[in-house]
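Have a look at the structure below before the remarks.
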Amino acid sequence: MRQSRVPGGNPFVFGFVGALGVLTAWLLVQAIATAGSMLLLIVVSLFLAIGLNPAVEFLRRHNLSKPLAITVVFLGVILVFVGSGLVLVPPLTEQSGAFAERIPRYAAQLQTNPIVRDLDQRFQLLDRLVDHVGSGAFGTQLFGGLLGFGQVVIGAIFNALTVLVLTLYFLGSMETMKKAFYLLVPRSRRDRTRMIGDAIVDRIGGYVGGNLVVSLIAGVVTFVFLVIMRVPYALALALIVALTDLIPMVGAFIGAVIASTVGFFVSVPVGIACVVFFILYQQVENYWIAPRVMERSVDVPPVATIVGALIGGTLLGVVGALLAIPLTAALLIIVREVVLPRQERA
């Protein structure tokens with residue numbers, strides 16, 4: 001009967017090498033988890049660069065040099081971000097200040113409310129609230145909350161700048177990266193890989209461009225309607241609708257809820273009119289605008305779109321839902337051009 005031999009002849013050496021392998025794998029997993037947020041920023045920047053590349057190529061076909069075309073497109077992106085901030089920040093600041101000024105009035109109304117007065121007599125709610133606000137613990141919690149909010153804002157600014165810089169870099173080196181990737185493929189398969197790779201890049205760019213066009217139409221139509229209905233901050237609300245419309249499946253609903261809520265603050269008939277408008281517009285967008293804009297850019301079946309958006313949203317949230325559809329289109333191209341022909345030859 002043959003006895004099994006341990007590799008290396010020594011079980012202690014084998015155990016030590018196995019432990020080192022497990023430790024190395026664990027360290028790699030921890031490193032990937034730590035760098036996960038930065039890897040996500042890199043992926044988002046790459047997708048933005050692929051989406052903006054058709055605009056750069058369009059300008060180059062109109063006799064602009066590549067650096068000038070990239071500069072024009074990139075400046076346009078920065079202007080969109082800055083303009084969005086200038087449109088959204090003032091109304092939010094004004095509304096926050098108005099709400100802060102009305103807090104004493106709301107408190108007085110609460111004191112005259114019979115239900116609140118009865119609860120206050122039973123549990124001394126107002127006295128406890130005053131004691132809690134006047135205590136040092138409340139100040140510490142408030143200061144900690146402000147610090148946390150400041151960290152979130154600083155982190156968001158840092159991430160936005162990182163994405164902008166990486167997008168600019170990827171735009172400038174798009175052709176170089178594609179050539180370097182194709183050189184890794186064996187020469188016999190290089191032409192086929194180049195054809196599939198260029199098709200995937202075109203689909204992703206077409207999806208990003210088409211999605212921007214659909215969102216722009218949604219924002220413009222919403223702005224016109226809100227101006228007609230005399231809803232305040234029509235431009236800011238239209239921008240919110242356009243931005244949320246970029247999110248697959250639920251984005252349009254989120255923008256409609258925000259705009260309709262502001263409409264109800266104006267009056268109940270205006271709020272109802274907003275709800276009816278967004279219901280009708282979504283039907284027009286889903287069955288007429290989006291299919292005509294997307295039919296030449298991303299040919300993805302509706303079922304694959306829904307499944308991809310659900311999986312992407314579950315894994316990576318909003319960013320995953322945004323990236324899911326172009327990734328689904330890329331996988332469908334690979335299946336159609338590589339997997340199915342190979343199955344037919346088998």
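Chain labels run A, B, ... following the order of the structure tokens; each chain numbers its residues from 1, and ligands are numbered from 1 in the order shown.
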
**Q.** DSSP alpha helix (DSSP H) selection over stretch 145-314 of chain A, as a PyMOL selection string
**A.** chain A and resi 145-172+174-183+187-228+234-244+251-266+268-284+290-294+302-314

Q: Excluding A:Gln282 and residues on its chain fewer than 3 positions from it, collect all residues at most 10 Å away from it, counting only C-alpha atoms, and give them as a VMD selection string.
A: chain A and resid 218 252 to 253 256 277 to 279 285 to 289

Take the residues that were just selected and, keeping N, CA, C and O atoms, output them as an mmCIF file, in the first residue's frame.
```cif
data_model
loop_
_atom_site.group_PDB
_atom_site.id
_atom_site.type_symbol
_atom_site.label_atom_id
_atom_site.label_comp_id
_atom_site.auth_asym_id
_atom_site.auth_seq_id
_atom_site.Cartn_x
_atom_site.Cartn_y
_atom_site.Cartn_z
ATOM 1 N N ALA A 218 -36.011 65.720 -20.835
ATOM 2 C CA ALA A 218 -36.852 65.703 -19.638
ATOM 3 C C ALA A 218 -36.712 67.005 -18.853
ATOM 4 O O ALA A 218 -37.712 67.571 -18.371
ATOM 5 N N ALA A 252 -36.533 58.622 -12.622
ATOM 6 C CA ALA A 252 -37.626 59.502 -13.058
ATOM 7 C C ALA A 252 -38.676 59.650 -11.967
ATOM 8 O O ALA A 252 -39.233 60.741 -11.770
ATOM 9 N N PHE A 253 -38.942 58.583 -11.236
ATOM 10 C CA PHE A 253 -39.917 58.650 -10.143
ATOM 11 C C PHE A 253 -39.432 59.582 -9.029
ATOM 12 O O PHE A 253 -40.210 60.373 -8.487
ATOM 13 N N ALA A 256 -39.808 63.182 -10.167
ATOM 14 C CA ALA A 256 -41.225 63.554 -10.209
ATOM 15 C C ALA A 256 -41.774 63.802 -8.804
ATOM 16 O O ALA A 256 -42.554 64.741 -8.592
ATOM 17 N N PHE A 277 -48.909 65.505 -15.042
ATOM 18 C CA PHE A 277 -47.905 65.806 -16.070
ATOM 19 C C PHE A 277 -46.798 64.769 -16.091
ATOM 20 O O PHE A 277 -46.419 64.261 -17.163
ATOM 21 N N PHE A 278 -46.248 64.427 -14.930
ATOM 22 C CA PHE A 278 -45.127 63.491 -14.896
ATOM 23 C C PHE A 278 -45.567 62.083 -15.290
ATOM 24 O O PHE A 278 -44.798 61.339 -15.920
ATOM 25 N N ILE A 279 -46.799 61.694 -14.936
ATOM 26 C CA ILE A 279 -47.288 60.381 -15.367
ATOM 27 C C ILE A 279 -47.383 60.318 -16.890
ATOM 28 O O ILE A 279 -46.920 59.356 -17.527
ATOM 29 N N GLU A 285 -41.900 59.395 -22.689
ATOM 30 C CA GLU A 285 -40.458 59.149 -22.690
ATOM 31 C C GLU A 285 -40.141 57.664 -22.849
ATOM 32 O O GLU A 285 -39.243 57.280 -23.608
ATOM 33 N N ASN A 286 -40.875 56.823 -22.122
ATOM 34 C CA ASN A 286 -40.574 55.391 -22.130
ATOM 35 C C ASN A 286 -40.912 54.726 -23.465
ATOM 36 O O ASN A 286 -40.205 53.800 -23.892
ATOM 37 N N TYR A 287 -41.980 55.185 -24.129
ATOM 38 C CA TYR A 287 -42.455 54.484 -25.325
ATOM 39 C C TYR A 287 -42.189 55.239 -26.629
ATOM 40 O O TYR A 287 -42.428 54.680 -27.703
ATOM 41 N N TRP A 288 -41.677 56.479 -26.533
ATOM 42 C CA TRP A 288 -41.443 57.215 -27.784
ATOM 43 C C TRP A 288 -40.070 57.877 -27.821
ATOM 44 O O TRP A 288 -39.322 57.682 -28.775
ATOM 45 N N ILE A 289 -39.712 58.637 -26.785
ATOM 46 C CA ILE A 289 -38.447 59.377 -26.824
ATOM 47 C C ILE A 289 -37.255 58.441 -26.668
ATOM 48 O O ILE A 289 -36.360 58.402 -27.525
#
```

Q: Please provide as number ranges by chain all residues within 7 Å of A:Ile204, with the sequence filter that same-chain residues fewer than 2 positions apart are discarded (counting only C-alpha atoms).
A: A: 50-51, 200-202, 206-208, 326

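Here atom CA of A:Val275 is placed at a distance of 5.9 Å from atom CA of A:Ser260.
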
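For the choices A:Leu79, A:Val185, A:Val262, A:Leu161, the atom-to-atom distance to A:Gly197 is smallest for A:Val185 when using only C-alpha atoms.
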
Q: Tell me which protein, DNA and RNA residues are within 8 Å of stretch 220-230 of chain A, counting only C-alpha atoms, leaving out same-chain ones fewer than 6 positions away, and put them as a VMD selection string.
A: chain A and resid 237 to 238 241 270

Save the residues we just selected, N, CA, C and O atoms, as a PDB file, in the first residue's frame?
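Saved the output as part06.pdb:
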```
ATOM      1  N   LEU A 237     -35.595  72.765 -10.039  1.00  0.00           N
ATOM      2  CA  LEU A 237     -36.372  71.519 -10.064  1.00  0.00           C
ATOM      3  C   LEU A 237     -36.193  70.783 -11.393  1.00  0.00           C
ATOM      4  O   LEU A 237     -36.097  69.546 -11.424  1.00  0.00           O
ATOM      5  N   ALA A 238     -36.145  71.534 -12.494  1.00  0.00           N
ATOM      6  CA  ALA A 238     -35.921  70.895 -13.792  1.00  0.00           C
ATOM      7  C   ALA A 238     -34.549  70.246 -13.847  1.00  0.00           C
ATOM      8  O   ALA A 238     -34.384  69.150 -14.426  1.00  0.00           O
ATOM      9  N   VAL A 241     -34.764  67.015 -11.934  1.00  0.00           N
ATOM     10  CA  VAL A 241     -35.451  66.002 -12.741  1.00  0.00           C
ATOM     11  C   VAL A 241     -34.511  65.445 -13.806  1.00  0.00           C
ATOM     12  O   VAL A 241     -34.474  64.230 -14.049  1.00  0.00           O
ATOM     13  N   VAL A 270     -52.200  72.670  -8.277  1.00  0.00           N
ATOM     14  CA  VAL A 270     -50.902  72.663  -8.961  1.00  0.00           C
ATOM     15  C   VAL A 270     -50.178  71.342  -8.710  1.00  0.00           C
ATOM     16  O   VAL A 270     -49.570  70.770  -9.626  1.00  0.00           O
TER      17      VAL A 270
END
```
